[in-house]
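Containing mmCIF, C-alpha atoms: data.cif.
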data_protein
loop_
_atom_site.label_atom_id
_atom_site.label_comp_id
_atom_site.auth_asym_id
_atom_site.auth_seq_id
_atom_site.Cartn_x
_atom_site.Cartn_y
_atom_site.Cartn_z
CA MET L 4 17.93 -20.09 -9.04
CA ASN L 5 18.70 -16.64 -10.47
CA GLN L 6 18.04 -13.76 -8.11
CA PRO L 7 15.92 -10.88 -9.47
CA THR L 8 17.90 -7.80 -10.49
CA LEU L 9 17.81 -4.96 -7.95
CA ILE L 10 17.01 -1.66 -9.66
CA TRP L 11 17.04 0.71 -6.68
CA LYS L 12 16.54 0.85 -2.93
CA GLN L 13 15.67 3.59 -0.44
CA THR L 14 14.14 4.06 3.03
CA VAL L 15 11.10 6.13 3.99
CA PRO L 16 11.58 7.23 7.64
CA GLY L 17 8.71 6.71 10.06
CA GLY L 18 6.07 9.41 9.66
CA CYS L 19 7.39 10.50 6.25
CA HIS L 20 5.94 9.94 2.78
CA TRP L 21 6.97 8.99 -0.76
CA SER L 22 5.59 8.68 -4.27
CA GLY L 23 6.88 7.45 -7.61
CA ILE L 24 6.08 5.65 -10.85
CA ILE L 25 6.51 1.88 -10.69
CA ARG L 26 6.68 0.33 -14.16
CA ARG L 27 4.87 -2.83 -15.17
CA ASN L 28 6.94 -6.01 -15.01
CA THR L 29 8.79 -4.73 -11.94
CA THR L 30 8.25 -5.70 -8.29
CA LEU L 31 8.27 -3.30 -5.37
CA ARG L 32 9.26 -4.86 -2.04
CA LEU L 33 8.11 -3.04 1.09
CA THR L 34 9.99 -4.00 4.28
CA ASP L 35 9.04 -3.14 7.86
CA VAL L 36 12.49 -2.14 9.08
CA ASP L 37 12.08 -2.26 12.86
CA GLY L 38 8.63 -3.80 13.37
CA GLY L 39 5.29 -2.14 13.99
CA ALA L 40 5.37 0.05 10.87
CA ASN L 41 2.34 1.04 8.80
CA ALA L 42 2.63 1.69 5.06
CA ALA L 43 -0.52 3.42 3.83
CA ALA L 44 -0.65 3.07 0.03
CA LEU L 45 -2.71 4.30 -2.89
CA PHE L 46 -2.36 3.37 -6.58
CA TYR L 47 -3.19 5.39 -9.72
CA ASN L 48 -2.86 4.63 -13.44
CA GLN L 49 0.22 6.60 -14.46
CA GLU L 50 -1.28 7.40 -17.88
CA GLU L 51 -4.78 8.31 -16.71
CA LYS L 52 -4.87 9.14 -13.03
CA LEU L 53 -8.67 9.11 -12.82
CA GLU L 54 -8.23 5.34 -12.70
CA ARG L 55 -7.24 4.40 -9.17
CA TYR L 56 -7.24 1.59 -6.61
CA ASN L 57 -10.74 0.39 -5.73
CA MET L 58 -11.10 -1.21 -2.31
CA ALA L 59 -14.63 -2.54 -2.85
CA ASP L 60 -13.85 -4.30 -6.14
CA THR L 61 -10.59 -5.67 -4.75
CA LEU L 62 -12.30 -7.27 -1.77
CA LYS L 63 -15.53 -8.52 -3.29
CA SER L 64 -13.89 -10.03 -6.37
CA GLN L 65 -11.58 -12.10 -4.14
CA HIS L 66 -14.03 -12.74 -1.27
CA THR L 67 -11.69 -11.35 1.34
CA PHE L 68 -11.43 -8.71 4.09
CA ARG L 69 -7.62 -8.54 4.17
CA LEU L 70 -4.86 -8.81 1.59
CA THR L 71 -1.95 -11.22 1.46
CA GLN L 72 0.05 -13.33 -1.00
CA GLY L 73 -2.07 -14.51 -3.92
CA HIS L 74 -4.32 -11.45 -3.93
CA ALA L 75 -4.37 -8.67 -6.52
CA CYS L 76 -5.04 -4.93 -6.15
CA HIS L 77 -7.80 -3.94 -8.59
CA SER L 78 -8.55 -0.60 -10.21
CA ASP L 79 -11.99 0.95 -10.63
CA MET L 80 -11.77 0.11 -14.35
CA GLY L 81 -11.59 -3.63 -13.86
CA ARG L 82 -7.83 -3.90 -14.28
CA ILE L 83 -4.98 -4.98 -12.00
CA PHE L 84 -2.34 -2.65 -10.65
CA CYS L 85 -0.29 -5.34 -8.96
CA CYS L 86 -0.32 -8.83 -7.50
CA ILE L 87 0.99 -9.66 -4.03
CA THR L 88 3.61 -12.26 -4.89
CA ALA L 89 5.38 -12.63 -1.52
CA ASP L 90 4.30 -11.78 2.00
CA THR L 91 5.83 -12.63 5.37
CA ALA L 92 3.36 -10.52 7.36
CA GLY L 93 0.30 -12.46 6.22
CA TRP L 94 -2.33 -9.75 6.80
CA HIS L 95 -2.73 -6.19 5.52
CA ASP L 96 -5.58 -3.90 6.52
CA THR L 97 -7.95 -2.73 3.80
CA VAL L 98 -10.71 -0.80 5.58
CA CYS L 99 -9.42 1.63 8.23
CA GLY L 100 -8.17 4.48 6.07
CA LEU L 101 -5.70 7.18 7.12
CA SER L 102 -4.89 9.06 10.30
CA ASP L 103 -5.61 12.79 10.02
CA ALA L 104 -4.29 15.87 11.80
CA GLY L 105 -7.12 15.86 14.33
CA SER L 106 -6.66 12.24 15.37
CA ILE L 107 -2.87 12.68 15.64
CA ARG L 108 -3.32 15.78 17.80
CA GLN L 109 -5.87 14.08 20.06
CA LYS L 110 -3.76 10.96 20.53
CA TYR L 111 -0.20 12.31 20.67
CA GLY L 112 -0.42 16.07 21.15
CA VAL L 113 1.26 18.64 18.91
CA ALA L 114 4.82 18.66 17.56
CA ARG L 115 5.15 21.27 14.82
CA TYR L 116 7.88 21.64 12.21
CA GLN L 117 8.78 25.09 13.55
CA GLU L 118 10.04 23.59 16.80
CA HIS L 119 10.68 19.92 16.02
CA ARG L 120 11.78 19.93 12.36
CA ASN L 121 11.85 16.35 11.04
CA GLN L 122 10.57 15.04 14.37
CA MET L 123 7.23 16.77 13.82
CA PHE L 124 4.05 14.69 14.14
CA ARG L 125 2.72 13.95 10.65
CA SER L 126 -0.61 12.32 9.80
CA GLY L 127 -1.21 9.79 7.06
CA LEU L 128 -3.65 12.07 5.24
CA ASP L 129 -1.27 15.04 5.27
CA GLY L 130 1.55 12.91 3.87
CA ILE L 131 -0.63 11.46 1.13
CA LEU L 132 -1.88 14.93 0.15
CA ILE L 133 1.67 16.30 -0.07
CA GLU L 134 2.63 13.49 -2.43
CA LEU L 135 -0.56 13.75 -4.50
CA GLY L 136 0.07 17.46 -4.99
CA LYS L 137 3.34 16.64 -6.76
CA TRP L 138 1.31 14.88 -9.48
CA GLY L 139 -1.53 17.37 -9.89
CA LEU L 140 -3.91 15.45 -7.61
CA GLY L 141 -5.60 16.46 -4.37
CA ILE L 142 -8.14 15.71 -1.66
CA ARG L 143 -10.83 14.54 -4.08
CA ASP L 144 -8.42 11.87 -5.32
CA VAL L 145 -8.01 10.27 -1.87
CA VAL L 146 -9.87 6.95 -1.80
CA SER L 147 -9.85 3.98 0.58
CA ASN L 148 -6.24 2.88 0.92
CA ILE L 149 -4.32 -0.24 1.93
CA ASN L 150 -2.44 -0.24 5.24
CA PHE L 151 0.43 -2.66 4.66
CA PHE L 152 1.83 -4.40 7.77
CA SER L 153 -1.23 -3.56 9.90
CA LYS L 154 -3.71 -6.21 11.03
CA VAL L 155 -7.29 -5.29 11.92
CA THR L 156 -10.02 -7.86 12.54
CA ALA L 157 -13.77 -7.56 12.99
CA ASP L 158 -15.93 -9.45 15.49
CA ASP L 159 -19.47 -10.71 14.88
CA SER L 160 -20.91 -7.28 15.70
CA GLY L 161 -18.56 -5.52 13.27
CA ALA L 162 -16.34 -3.94 15.94
CA LEU L 163 -12.75 -3.54 14.72
CA SER L 164 -9.68 -4.62 16.69
CA TYR L 165 -6.13 -3.49 15.93
CA HIS L 166 -3.39 -6.09 16.55
CA ALA L 167 -0.53 -4.07 17.98
CA LYS L 168 2.05 -6.89 17.93
CA HIS L 169 1.37 -8.04 14.37
CA GLY L 170 4.29 -6.36 12.59
CA LYS L 171 7.77 -7.85 13.04
CA ALA L 172 11.12 -6.37 12.09
CA GLY L 173 12.11 -7.57 8.64
CA ASP L 174 8.61 -8.46 7.48
CA TYR L 175 8.15 -7.73 3.80
CA VAL L 176 5.53 -7.77 1.08
CA GLU L 177 6.25 -7.85 -2.66
CA LEU L 178 3.97 -6.12 -5.16
CA SER L 179 4.45 -7.24 -8.77
CA PHE L 180 3.03 -4.57 -11.07
CA THR L 181 1.17 -5.29 -14.28
CA MET L 182 0.32 -1.61 -14.95
CA ASN L 183 2.48 1.52 -14.99
CA THR L 184 1.40 2.87 -11.62
CA LEU L 185 1.76 6.00 -9.55
CA VAL L 186 2.34 4.66 -6.03
CA VAL L 187 1.75 7.03 -3.10
CA LEU L 188 2.89 6.01 0.39
CA SER L 189 2.74 7.34 3.94
CA ALA L 190 4.62 5.83 6.88
CA ALA L 191 2.51 7.63 9.52
CA PRO L 192 0.81 5.60 12.28
CA HIS L 193 -2.27 3.51 11.58
CA PRO L 194 -5.43 5.35 12.70
CA LEU L 195 -6.27 2.60 15.24
CA ASP L 196 -2.74 2.25 16.63
CA PRO L 197 -3.20 2.46 20.43
CA GLY L 198 0.43 3.28 21.22
CA PRO L 199 0.68 6.29 23.55
CA GLU L 200 3.81 7.70 21.86
CA TYR L 201 4.28 8.92 18.30
CA ARG L 202 6.80 6.36 17.08
CA PRO L 203 5.98 5.36 13.47
CA GLY L 204 8.28 2.80 11.89
CA ALA L 205 10.44 3.16 8.80
CA ILE L 206 9.67 1.41 5.50
CA GLU L 207 12.38 0.22 3.12
CA LEU L 208 11.53 0.25 -0.59
CA ALA L 209 13.36 -1.96 -3.08
CA LEU L 210 12.54 -2.37 -6.76
CA PHE L 211 13.35 -5.52 -8.73
CA ASP L 212 12.65 -7.02 -12.12
CA THR L 213 9.61 -9.28 -11.79
CA PRO L 214 10.61 -12.96 -12.12
CA PRO L 215 8.83 -15.05 -14.77
CA GLN L 216 5.60 -16.66 -13.55
CA ALA L 217 5.61 -14.53 -10.38
CA ILE L 218 1.93 -13.61 -10.64
CA ARG L 219 0.69 -17.12 -11.43
CA GLU L 220 -0.69 -17.67 -7.92
CA CYS L 221 -2.90 -14.56 -8.21
CA LEU L 222 -4.46 -15.92 -11.39
CA ARG L 223 -5.97 -18.90 -9.56
CA ILE L 224 -8.78 -16.48 -8.67
CA ALA L 225 -11.04 -16.17 -11.72
CA GLU L 226 -11.72 -12.44 -11.32
CA ASN L 227 -7.99 -11.76 -11.21
CA SER L 228 -7.48 -13.66 -14.45
CA ARG L 229 -10.20 -11.62 -16.18
CA ALA L 230 -8.83 -8.36 -14.78
CA LEU L 231 -5.34 -9.22 -16.04
CA GLN L 232 -6.80 -9.76 -19.52
CA ASN L 233 -8.32 -6.26 -19.31
CA THR L 234 -4.91 -4.91 -18.31
CA GLN L 235 -3.20 -6.61 -21.23
CA HIS L 236 -5.81 -5.23 -23.65
CA PHE L 237 -5.18 -1.73 -22.24
CA TYR L 238 -1.56 -2.03 -23.38
CA GLY L 239 -2.53 -3.45 -26.77
CA GLU L 240 -1.34 -6.93 -25.91
CA GLU L 241 -2.97 -10.23 -26.67
CA ALA L 242 -4.39 -11.74 -23.47
CA LYS L 243 -2.54 -14.89 -22.45
#

Do you think you could lay out the structure here as structure tokens?
Amino acid sequence: MNQPTLIWKQTVPGGCHWSGIIRRNTTLRLTDVDGGANAAALFYNQEEKLERYNMADTLKSQHTFRLTQGHACHSDMGRIFCCITADTAGWHDTVCGLSDAGSIRQKYGVARYQEHRNQMFRSGLDGILIELGKWGLGIRDVVSNINFFSKVTADDSGALSYHAKHGKAGDYVELSFTMNTLVVLSAAPHPLDPGPEYRPGAIELALFDTPPQAIRECLRIAENSRALQNTQHFYGEEAK
């Protein structure tokens, strides 16, 4: 079997952030380098950034609380940003949002850039806002995000539980994009992470050509198939 062509690779250190345009028909692989990482992600239509990832539509259209292989990430315009085409972690949080400066300070204390340089304590929200600012976006553009590599479950009363030992070193998830997408990432700790020390894990990014038929599993869900047709129409293509 032919291996997909690697286009580029880079690492986002723990606590840091990244953004970039991922083109349709390419696949972004996120890898938890050392285990226990959290990759908070948001998606925006590269051509019209008012269109962005919609948590509610993504979950209700696929009757799920978490994301894994075979699921798609929907926009608020009824289209698909990407399909999850490989996943060794098996569970990605969709509901807990981002850590902010206050929660980081309360949990870990203060480590400022002036004294600690790159070892400063960053929050997920701050990292996302820095990246959004590079593209003319800001706080009003922050919506419910995905926390890749983090597992959170709910009991019968709705109480949420964070699974601290869920992420393993080398776990990866592959996102096969069907839309030209601005991807914004933060590698800061998950907001429910109970660890007493600020030790966020690094995330490796690798971009490949998407193999033929890679998204077929996602299309077994009827709403995903309809959303893909909407995506194809957006690009002036005949729906297949």

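Shown here are all protein and nucleic acid residues lying within 9 Å of (1.3, -2.6, -15.5), with only C-alpha atoms considered: Ile25, Arg26, Arg27, Asn28, Thr29, Asn48, Ile83, Phe84, Cys85, Ser179, Phe180, Thr181, Met182, Asn183, Thr184, Thr234, Gln235 and Tyr238 of chain L.
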
Could you list the residues chosen by the PyMOL selection byres ((chain L and resi 103) around 9) in this structure as a ChimeraX atom specification?
/L:101-102,104-108,125-129,194

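Take CA of Thr97 in chain L and CA of Arg115 in chain L: the distance between them is 29.5 Å.
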
In terms of the shortest atom-to-atom distance over all atoms listed in the file, which of L:Met123, L:Leu210, L:Pro197, L:His74 is closest to Ile24 in chain L?
L:Leu210

Would you work out the distance separating CA of Leu222 in chain L from CA of Gly73 in chain L, expressed in Å to one decimal?
8.0 Å

Taking all atoms listed in the file into account, name the residue in L:Glu177, L:Asp60, L:Asp79, L:Asp96 that is nearest to Ala43 in chain L.
L:Asp96

Taking 6 positions as the minimum chain separation for residues in the same chain, which residues sit within 6 Å of range 18-23 of chain L when counting all atoms listed in the file? Answer as a PyMOL selection string.
chain L and resi 125+130+134+185-191+203
